[in-house]
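**Student:** Coordinates in coords_27.cif, mmCIF, C-alpha atoms and all ligand atoms, are listed below.
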```cif
data_coords
#
loop_
_atom_site.label_atom_id
_atom_site.label_comp_id
_atom_site.auth_asym_id
_atom_site.auth_seq_id
_atom_site.Cartn_x
_atom_site.Cartn_y
_atom_site.Cartn_z
CA MET A 1 6.70 -61.30 50.60
CA ASN A 2 5.55 -59.67 53.83
CA LEU A 3 4.18 -56.12 53.52
CA ARG A 4 5.57 -55.27 56.97
CA ASN A 5 9.02 -55.42 55.40
CA LEU A 6 8.12 -52.24 53.50
CA ASN A 7 8.25 -48.81 55.10
CA VAL A 8 5.41 -46.37 54.41
CA GLU A 9 7.02 -44.90 51.26
CA GLU A 10 7.78 -48.38 49.92
CA LEU A 11 4.20 -49.48 50.55
CA ILE A 12 2.91 -46.43 48.65
CA ARG A 13 5.18 -47.44 45.74
CA PHE A 14 3.95 -51.04 45.95
CA VAL A 15 0.34 -49.84 45.70
CA SER A 16 1.09 -47.56 42.75
CA GLN A 17 2.96 -50.36 40.91
CA LYS A 18 -0.19 -52.44 41.24
CA GLY A 19 -2.10 -49.61 39.55
CA TRP A 20 -4.27 -49.05 42.63
CA GLU A 21 -5.29 -45.60 43.94
CA ARG A 22 -2.86 -44.01 46.41
CA TYR A 23 -5.38 -44.01 49.29
CA ARG A 24 -5.27 -47.83 49.22
CA ALA A 25 -1.83 -47.61 50.89
CA LYS A 26 -3.35 -45.83 53.88
CA GLN A 27 -6.11 -48.42 54.09
CA LEU A 28 -3.58 -51.25 53.96
CA LEU A 29 -1.44 -49.62 56.68
CA SER A 30 -4.45 -49.42 58.91
CA TRP A 31 -5.22 -53.15 58.48
CA LEU A 32 -1.60 -54.09 58.96
CA TYR A 33 -0.91 -52.01 62.08
CA LYS A 34 -3.93 -50.37 63.70
CA ARG A 35 -6.56 -53.12 63.37
CA PRO A 36 -4.43 -56.07 62.24
CA VAL A 37 -6.42 -58.74 60.43
CA ASP A 38 -5.76 -62.50 60.34
CA SER A 39 -6.47 -62.89 56.64
CA PHE A 40 -6.31 -60.65 53.57
CA CYS A 41 -9.97 -61.65 52.97
CA ASP A 42 -10.87 -59.61 56.08
CA ILE A 43 -9.71 -56.34 54.49
CA THR A 44 -13.27 -55.38 53.77
CA ASN A 45 -12.70 -52.00 52.11
CA LEU A 46 -10.36 -53.42 49.47
CA PRO A 47 -11.89 -54.75 46.19
CA LYS A 48 -12.18 -58.56 46.08
CA GLU A 49 -9.67 -58.83 43.22
CA ALA A 50 -7.05 -56.87 45.19
CA ARG A 51 -7.56 -59.05 48.27
CA LYS A 52 -7.12 -62.17 46.14
CA GLU A 53 -3.95 -60.77 44.60
CA LEU A 54 -2.48 -59.99 48.03
CA ALA A 55 -3.37 -63.42 49.38
CA GLU A 56 -1.60 -65.05 46.42
CA GLU A 57 1.53 -62.90 46.60
CA CYS A 58 2.04 -62.06 50.28
CA GLU A 59 2.19 -63.68 53.66
CA LEU A 60 0.39 -61.80 56.43
CA TYR A 61 2.58 -62.89 59.34
CA SER A 62 6.23 -63.94 59.52
CA LEU A 63 5.88 -64.99 63.17
CA SER A 64 3.42 -67.33 64.83
CA PHE A 65 2.61 -67.62 68.51
CA LEU A 66 4.17 -70.68 70.14
CA ASP A 67 3.92 -70.28 73.90
CA LYS A 68 3.65 -67.87 76.81
CA LEU A 69 4.58 -67.99 80.46
CA VAL A 70 2.82 -65.74 82.96
CA SER A 71 4.66 -64.67 86.10
CA ARG A 72 3.12 -64.16 89.53
CA ASP A 73 4.02 -60.45 89.16
CA GLY A 74 2.03 -60.17 85.88
CA THR A 75 5.02 -60.27 83.52
CA VAL A 76 4.29 -62.33 80.39
CA LYS A 77 7.03 -63.95 78.36
CA PHE A 78 6.09 -64.83 74.76
CA VAL A 79 7.84 -67.23 72.43
CA PHE A 80 7.14 -66.74 68.74
CA LYS A 81 8.17 -69.11 65.99
CA THR A 82 9.76 -67.85 62.76
CA ALA A 83 8.97 -69.31 59.32
CA ASP A 84 12.40 -71.03 59.34
CA GLY A 85 11.62 -72.72 62.67
CA ASP A 86 13.62 -70.61 65.11
CA LEU A 87 12.35 -68.84 68.21
CA VAL A 88 12.01 -65.19 69.19
CA GLU A 89 11.34 -63.94 72.71
CA SER A 90 9.38 -60.85 73.81
CA VAL A 91 8.41 -59.88 77.35
CA ALA A 92 5.35 -57.83 78.34
CA ILE A 93 5.66 -55.92 81.62
CA PRO A 94 2.43 -54.42 82.97
CA ASP A 95 2.76 -51.49 85.34
CA GLU A 96 -0.27 -49.49 86.51
CA ASP A 97 -1.22 -47.40 83.44
CA ARG A 98 1.48 -48.74 81.09
CA LEU A 99 2.14 -51.94 79.25
CA THR A 100 5.75 -52.18 78.14
CA LEU A 101 6.95 -54.74 75.62
CA CYS A 102 10.61 -55.75 75.45
CA ILE A 103 11.34 -56.90 71.90
CA SER A 104 14.19 -58.70 70.09
CA THR A 105 16.02 -57.64 66.93
CA GLN A 106 18.14 -60.72 66.22
CA ILE A 107 18.09 -64.46 66.79
CA GLY A 108 21.04 -64.81 69.14
CA CYS A 109 23.66 -62.08 69.26
CA ARG A 110 27.19 -61.51 67.98
CA MET A 111 28.28 -59.30 70.90
CA GLY A 112 29.10 -62.18 73.26
CA CYS A 113 28.68 -60.34 76.59
CA ALA A 114 29.88 -62.79 79.26
CA PHE A 115 26.89 -62.25 81.57
CA CYS A 116 24.23 -62.79 78.88
CA LEU A 117 22.67 -66.10 77.93
CA THR A 118 21.72 -64.80 74.48
CA GLY A 119 25.36 -63.85 73.86
CA PHE A 120 26.39 -67.30 75.10
CA GLN A 121 24.11 -68.94 72.51
CA GLY A 122 25.88 -67.20 69.61
CA PHE A 123 24.43 -65.48 66.55
CA LYS A 124 21.99 -67.03 64.12
CA ARG A 125 20.53 -64.21 62.01
CA ASN A 126 18.97 -60.76 61.92
CA LEU A 127 15.22 -60.41 62.32
CA SER A 128 13.40 -58.71 59.44
CA SER A 129 11.45 -55.52 60.14
CA ALA A 130 8.25 -57.61 59.86
CA GLU A 131 9.53 -60.00 62.53
CA ILE A 132 10.40 -57.05 64.77
CA VAL A 133 7.06 -55.19 64.51
CA GLU A 134 4.98 -58.37 64.58
CA GLN A 135 6.20 -59.02 68.14
CA VAL A 136 4.26 -55.88 69.12
CA ILE A 137 1.23 -56.71 66.98
CA LEU A 138 0.95 -60.30 68.24
CA ALA A 139 1.55 -59.37 71.89
CA GLN A 140 -1.24 -56.76 71.67
CA LYS A 141 -3.60 -59.32 70.15
CA LEU A 142 -2.75 -61.98 72.72
CA LEU A 143 -3.00 -59.61 75.68
CA GLY A 144 -6.12 -57.86 74.37
CA ARG A 145 -4.79 -54.40 75.22
CA PRO A 146 -2.48 -51.87 73.55
CA ILE A 147 1.25 -51.80 74.17
CA THR A 148 2.04 -48.28 75.44
CA ASN A 149 5.85 -48.46 75.61
CA ILE A 150 8.51 -50.43 73.77
CA VAL A 151 12.01 -51.27 74.92
CA VAL A 152 14.34 -52.74 72.33
CA MET A 153 16.32 -54.72 74.89
CA GLY A 154 15.55 -58.35 74.04
CA MET A 155 17.73 -60.75 72.07
CA GLY A 156 20.32 -59.10 69.85
CA GLU A 157 22.15 -55.83 69.35
CA PRO A 158 19.80 -53.43 67.48
CA LEU A 159 22.62 -51.44 65.87
CA ASP A 160 24.07 -54.66 64.47
CA ASN A 161 20.79 -54.99 62.54
CA MET A 162 20.59 -51.30 61.68
CA ASP A 163 18.42 -51.22 58.54
CA ASN A 164 15.69 -53.53 59.84
CA THR A 165 15.67 -51.91 63.28
CA LEU A 166 15.32 -48.43 61.76
CA LYS A 167 12.59 -49.62 59.41
CA ALA A 168 10.70 -51.26 62.29
CA LEU A 169 11.03 -48.09 64.39
CA SER A 170 9.72 -45.97 61.51
CA LEU A 171 6.67 -48.27 61.24
CA MET A 172 6.08 -48.17 65.00
CA THR A 173 6.13 -44.36 65.03
CA HIS A 174 4.53 -43.39 61.68
CA ARG A 175 1.07 -41.95 62.28
CA ASP A 176 -0.45 -43.99 59.45
CA ALA A 177 1.11 -47.22 60.77
CA MET A 178 1.37 -47.99 64.50
CA GLY A 179 1.49 -44.33 65.54
CA LEU A 180 3.42 -44.67 68.82
CA SER A 181 5.28 -41.65 70.12
CA PRO A 182 9.07 -42.09 69.72
CA ARG A 183 9.35 -40.84 73.29
CA ARG A 184 7.76 -44.10 74.37
CA ILE A 185 10.47 -46.20 72.76
CA VAL A 186 13.88 -46.99 74.25
CA VAL A 187 16.64 -48.64 72.25
CA SER A 188 19.36 -50.35 74.22
CA THR A 189 22.80 -50.76 72.68
CA VAL A 190 26.36 -51.68 73.59
CA GLY A 191 27.26 -48.47 71.74
CA LEU A 192 28.90 -49.52 68.47
CA LEU A 193 30.68 -46.67 66.71
CA PRO A 194 30.19 -45.38 64.00
CA GLN A 195 26.76 -47.09 63.84
CA LEU A 196 25.56 -45.06 66.83
CA GLU A 197 26.22 -41.80 64.99
CA HIS A 198 24.05 -42.97 62.09
CA PHE A 199 21.33 -44.16 64.44
CA LEU A 200 21.13 -40.83 66.31
CA LYS A 201 20.72 -39.04 62.96
CA GLU A 202 18.03 -41.41 61.69
CA ALA A 203 16.02 -41.83 64.92
CA PRO A 204 16.79 -38.69 66.92
CA ARG A 205 13.64 -38.77 69.06
CA VAL A 206 13.91 -42.35 70.22
CA ALA A 207 15.44 -42.68 73.71
CA LEU A 208 18.82 -44.37 73.96
CA SER A 209 20.13 -46.60 76.71
CA VAL A 210 23.80 -47.54 76.53
CA SER A 211 25.02 -50.73 78.12
CA LEU A 212 28.24 -49.78 79.95
CA ASN A 213 28.48 -52.42 82.70
CA ALA A 214 31.99 -51.56 83.87
CA PRO A 215 33.81 -48.61 85.42
CA SER A 216 36.99 -49.03 83.34
CA PRO A 217 38.04 -50.30 79.89
CA GLU A 218 39.98 -53.18 81.50
CA LYS A 219 36.94 -54.49 83.33
CA ARG A 220 34.64 -53.90 80.36
CA ARG A 221 36.99 -55.81 78.04
CA ALA A 222 36.76 -58.80 80.39
CA ILE A 223 32.96 -59.07 80.01
CA MET A 224 32.18 -57.30 76.73
CA PRO A 225 34.24 -58.21 73.63
CA VAL A 226 32.84 -55.08 71.91
CA GLU A 227 35.23 -53.00 74.04
CA LYS A 228 37.99 -54.00 71.59
CA ALA A 229 36.11 -52.42 68.67
CA THR A 230 34.56 -49.43 70.46
CA GLY A 231 36.35 -48.42 73.64
CA MET A 232 34.14 -47.06 76.42
CA LEU A 233 36.25 -43.91 76.82
CA GLU A 234 35.74 -43.04 73.15
CA LEU A 235 32.06 -43.96 73.47
CA VAL A 236 31.54 -41.71 76.52
CA GLU A 237 33.33 -38.81 74.76
CA PHE A 238 31.12 -39.26 71.71
CA LEU A 239 27.91 -39.39 73.76
CA ALA A 240 28.83 -36.39 75.91
CA GLU A 241 29.23 -34.36 72.72
CA ALA A 242 26.14 -35.81 71.00
CA TYR A 243 23.92 -35.16 74.05
CA LYS A 244 25.28 -31.68 74.84
CA ASN A 245 22.23 -29.97 73.36
CA ARG A 246 19.61 -32.68 73.62
CA ARG A 247 16.69 -32.28 75.96
CA LYS A 248 16.48 -35.95 76.91
CA PRO A 249 19.46 -37.31 78.84
CA VAL A 250 21.24 -40.49 77.78
CA THR A 251 20.74 -43.49 80.07
CA PHE A 252 23.51 -45.92 81.00
CA GLU A 253 22.79 -49.49 81.99
CA TYR A 254 25.05 -51.16 84.45
CA VAL A 255 24.57 -54.90 85.08
CA MET A 256 25.89 -55.51 88.59
CA LEU A 257 27.94 -58.68 88.93
CA LYS A 258 28.84 -59.87 92.42
CA GLY A 259 32.50 -59.34 93.27
CA PHE A 260 33.35 -58.10 89.77
CA ASN A 261 31.99 -54.58 89.25
CA ASP A 262 29.94 -53.89 92.39
CA ALA A 263 32.53 -52.38 94.75
CA ILE A 264 32.33 -48.84 96.13
CA GLU A 265 35.57 -48.12 94.27
CA ASP A 266 33.85 -49.14 91.00
CA ALA A 267 30.97 -46.76 91.75
CA ARG A 268 33.44 -43.90 92.34
CA HIS A 269 35.23 -44.62 89.03
CA LEU A 270 31.91 -44.70 87.21
CA ALA A 271 30.76 -41.42 88.80
CA LYS A 272 34.04 -39.77 87.74
CA LEU A 273 33.65 -41.02 84.17
CA LEU A 274 30.07 -39.75 83.88
CA LYS A 275 30.96 -36.27 85.20
CA LYS A 276 31.45 -35.34 81.51
CA PHE A 277 27.67 -35.25 81.04
CA LYS A 278 25.54 -32.24 81.77
CA ARG A 279 22.75 -34.73 82.42
CA CYS A 280 22.66 -38.50 82.33
CA LYS A 281 20.94 -41.31 84.18
CA VAL A 282 22.10 -44.71 85.38
CA ASN A 283 20.01 -47.87 85.65
CA LEU A 284 21.57 -50.48 87.92
CA ILE A 285 20.53 -53.99 86.94
CA PRO A 286 21.38 -56.61 89.56
CA PHE A 287 22.45 -59.68 87.55
CA ASN A 288 19.62 -62.09 86.74
CA PRO A 289 21.28 -65.54 87.08
CA TRP A 290 20.73 -68.34 84.56
CA PRO A 291 21.84 -71.98 84.90
CA GLY A 292 25.60 -72.26 84.45
CA ALA A 293 26.15 -68.48 84.53
CA PRO A 294 29.68 -67.44 85.47
CA PHE A 295 28.41 -64.64 87.74
CA GLU A 296 26.17 -64.20 90.75
CA ARG A 297 23.75 -61.51 91.80
CA PRO A 298 25.05 -59.03 94.38
CA ASP A 299 23.05 -58.62 97.59
CA ALA A 300 20.60 -55.76 98.00
CA GLU A 301 22.83 -53.88 100.44
CA THR A 302 25.76 -53.80 97.99
CA VAL A 303 23.47 -52.50 95.23
CA LEU A 304 22.11 -49.75 97.51
CA SER A 305 25.61 -48.65 98.57
CA PHE A 306 26.66 -48.46 94.90
CA GLN A 307 23.58 -46.41 94.08
CA LYS A 308 24.28 -44.03 97.00
CA VAL A 309 27.76 -43.16 95.67
CA LEU A 310 26.33 -42.25 92.25
CA ILE A 311 23.44 -40.25 93.68
CA GLU A 312 25.79 -38.33 95.97
CA SER A 313 27.81 -37.48 92.85
CA GLY A 314 24.70 -35.90 91.35
CA ILE A 315 23.81 -38.73 88.94
CA PRO A 316 20.16 -39.86 89.04
CA THR A 317 20.48 -43.61 89.58
CA PHE A 318 17.73 -46.21 89.66
CA ILE A 319 17.70 -49.87 90.53
CA ARG A 320 15.82 -51.96 87.99
CA LYS A 321 13.23 -54.19 89.63
CA SER A 322 13.64 -57.82 88.72
CA ARG A 323 10.43 -58.93 86.98
CA GLY A 324 9.25 -62.39 86.02
CA ALA A 325 11.89 -64.23 88.08
CA ASP A 326 9.64 -67.33 88.15
CA ILE A 327 9.28 -67.58 84.33
CA LEU A 328 12.81 -67.89 82.92
CA ALA A 329 13.07 -64.13 82.74
CA ALA A 330 16.75 -63.79 81.75
CA CYS A 331 17.09 -62.69 78.14
CA GLY A 332 17.30 -65.78 75.91
CA GLN A 333 16.46 -68.24 78.69
CA LEU A 334 13.14 -69.45 77.34
CA ARG A 335 14.51 -69.91 73.82
CA TRP A 336 17.42 -71.81 75.34
CA SER A 337 15.11 -74.13 77.31
CA TYR A 338 13.20 -74.96 74.10
CA LYS A 339 16.44 -75.65 72.26
CA GLU A 340 17.61 -77.91 75.11
CA LYS A 341 14.36 -79.86 74.91
CA GLY A 342 14.86 -80.08 71.14
CA SER A 343 11.39 -78.70 70.51
CA ALA A 344 12.49 -76.09 67.97
S1 LIG B 1 23.68 -58.21 76.52
FE1 LIG B 1 22.71 -57.56 74.61
S2 LIG B 1 24.46 -57.08 73.28
FE2 LIG B 1 25.30 -58.32 74.96
S3 LIG B 1 25.23 -60.43 74.19
FE3 LIG B 1 23.31 -60.05 75.30
S4 LIG B 1 21.84 -59.45 73.73
FE4 LIG B 1 23.89 -59.21 72.87
#
```
Could you take the file, read its structure, and then write that structure out as structure tokens?

**Tutor:**
Amino acid sequence: MNLRNLNVEELIRFVSQKGWERYRAKQLLSWLYKRPVDSFCDITNLPKEARKELAEECELYSLSFLDKLVSRDGTVKFVFKTADGDLVESVAIPDEDRLTLCISTQIGCRMGCAFCLTGFQGFKRNLSSAEIVEQVILAQKLLGRPITNIVVMGMGEPLDNMDNTLKALSLMTHRDAMGLSPRRIVVSTVGLLPQLEHFLKEAPRVALSVSLNAPSPEKRRAIMPVEKATGMLELVEFLAEAYKNRRKPVTFEYVMLKGFNDAIEDARHLAKLLKKFKRCKVNLIPFNPWPGAPFERPDAETVLSFQKVLIESGIPTFIRKSRGADILAACGQLRWSYKEKGSA
């Protein structure tokens, strides 16, 4: 049993079932999330007997550090090993006063997006909430400084692992646990319906980034199998309604694939589609190639022309900087290279 698989209320119940005083739950939360220890013996304000009991019944970590690659631009890619011998990737991106960590929610992914190496590798299993939050805890320990922002954009589709993702988010944001502001967390999704509706109810203050990647259902279907289950027109309608009265705008991600979805005509179609929103934002992500990928990265001029069309239509549009290009930065690439070498 890993105590990070319990949310705060469940941990309080666990403590009361043990017959311990209620304040012990708060102490435990602090040692699990704020000043994480390496052994239950180090929980100095817990009676010796209680520490012994915990050590006998619980594991402290579900993940262990395996490797890290450091890019010339300061980006750090971590590989963590799970208890069942698989690998999880997280990427730390330092930027002036922030340190953002991109975390994974699944091993592999069921969504099968044609431009994504993780999708290409198929689905293995969901990560537990402990395995999700421990990516943050271990990265902080290894980097020796606090993570200020979290993006749930690594391996996997978070809404396809709804319960564990929500539990992990509640632990990251609860003041007695990690205590991060939900405004500093972005969850990226392909936009599964009806899961998205549930997610917006359960985590209303967490920012949402929806992976659109095409200007029309026909093009989206060609690169994202999810289009068959949740059509982008229905998704855009739903989001326009859901975000009508929200202060924070929804963000759309658009992976730009050379010669497929990067034409000026595509930009005009996209701008027309997003006119439904009072406010929204677009992040253009020039494709990050991986060996054997069926797409190429468009040139900088094409990306700028695409951005110009959207901006002239009144849509704030940003081009995502490519970080860590020298350290197998594409999502799932490091895990893949380990698998190829047969070292996990
Ligand atoms: S882009 Fe995201 S949702 Fe699509 S296959 Fe990759 S990890 Fe899954």

**Student:** Between A:Ile327, A:Ala168, A:Val303, A:Glu237, which residue has the minimum interatomic distance to A:Lys68, considering only C-alpha atoms?

**Tutor:**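 Under the stated criterion, the closest residue is A:Ile327.
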
**Student:** Mind pulling up the distance from atom CA of A:Leu166 to atom CA of A:Pro182?

**Tutor:**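 Atom-to-atom, atom CA of A:Pro182 and atom CA of A:Leu166 are spaced 11.9 Å apart.
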
**Student:** Please produce, as CSV, a per-residue contact table for stretch 262-309 of chain A versus stretch 98-116 of chain A (criterion: any atom at most 8 Å away, all atoms listed in the file considered), showing the nearest atom pair and its distance in Å to one decimal, sorted by chain then residue number.

**Tutor:**
```
residue,atom,partner,partner_atom,distance
A:Phe287,CA,A:Phe115,CA,7.9
A:Ala293,CA,A:Phe115,CA,6.9
A:Pro294,CA,A:Phe115,CA,7.1
A:Phe295,CA,A:Phe115,CA,6.8
```

**Student:** Mind pulling up the distance from atom CA of A:Gly259 to atom CA of A:Gln307?

**Tutor:** 15.7 Å

**Student:** A:Asn149, A:Val37, A:Gly292, A:Glu312: which is nearest A:Asp97, counting all atoms listed in the file?

**Tutor:**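 For A:Asp97, the nearest of the given residues is A:Asn149.
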
**Student:** Using all atoms listed in the file - which residues lie no farther than 12 Å from the point (6.3, -61.9, 46.7) in the file's frame? Write them as number ranges by chain.

**Tutor:** A: 1-3, 5-6, 14, 53-60

**Student:** Choose the residue, out of A:Lys167, A:Lys81, A:Lys276, A:Arg220, that has the smallest atom-to-atom separation from ligand LIG 1 (chain B); count only C-alpha atoms and all ligand atoms.

**Tutor:**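 Going through A:Lys167, A:Lys81, A:Lys276, A:Arg220 one by one, the smallest distance to ligand LIG 1 (chain B) is for A:Arg220.
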
**Student:** Please measure the separation of atom CA of A:Leu270 and atom CA of A:Ser216, giving the value in Å to one decimal.

**Tutor:**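 Going from atom CA of A:Leu270 over to atom CA of A:Ser216, I get 7.7 Å.
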
**Student:** Counting all atoms listed in the file, figure out which residue out of A:Met178, A:Ala207, A:Leu117, A:Ile185 gets nearest to A:Trp31.

**Tutor:** A:Met178

**Student:** Name all residues at most 7 Å from A:Phe78 (count all atoms listed in the file; drop same-chain ones fewer than 3 positions away) and give them as JSON, numbers by chain.

**Tutor:** {"A": [67, 68, 69, 89, 90, 91]}

**Student:** Counting all atoms listed in the file, what is within 7 Å of stretch 246-254 of chain A, bar same-chain residues fewer than 5 positions away, as a ChimeraX atom specification?

**Tutor:** /A:208-214,279-285

**Student:** Tell me, as a list in words, which residues lie within 7 Å of A:Pro286, counting all atoms listed in the file; anything in the same chain fewer than 3 positions away does not count.

**Tutor:**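 Skipping anything fewer than 3 positions along the chain leaves Val255, Met256, Leu257, Arg297 and Pro298 of chain A.
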
**Student:** Out of A:Glu227, A:Glu131, A:Glu241, A:Glu234, which residue has the shortest atom-to-atom distance to A:Arg4 when counting all atoms listed in the file?

**Tutor:**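 Checking each of A:Glu227, A:Glu131, A:Glu241, A:Glu234 against A:Arg4, counting all atoms listed in the file, the winner is A:Glu131.
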
**Student:** With only C-alpha atoms and all ligand atoms as the basis for distance, which of A:Leu239, A:Ala300, A:Leu233, A:Met155 is at the shortest distance from ligand LIG 1 (chain B)?

**Tutor:**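 Distance minimum relative to ligand LIG 1 (chain B) lands on A:Met155.
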
**Student:** In file coordinates, which residues lie within 6 Å of (25.8, -35.0, 77.5) using all atoms listed in the file, given as a list in words?

**Tutor:**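 Residues lying no farther than 6 Å from the given point: Ala240, Glu241, Tyr243, Lys244, Phe277, Lys278 and Arg279 of chain A.
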
**Student:** Leaving out A:Asp73 and any residue of its chain fewer than 3 positions from it, which residues lie within 9 Å of it when counting all atoms listed in the file, given as a ChimeraX atom specification?

**Tutor:** /A:70,76,93-94,323-326

**Student:** Tell me, as number ranges by chain, which residues lie within 9 Å of A:Lys308, counting only C-alpha atoms; anything in the same chain fewer than 5 positions away does not count.

**Tutor:** A: 267, 303, 313, 317
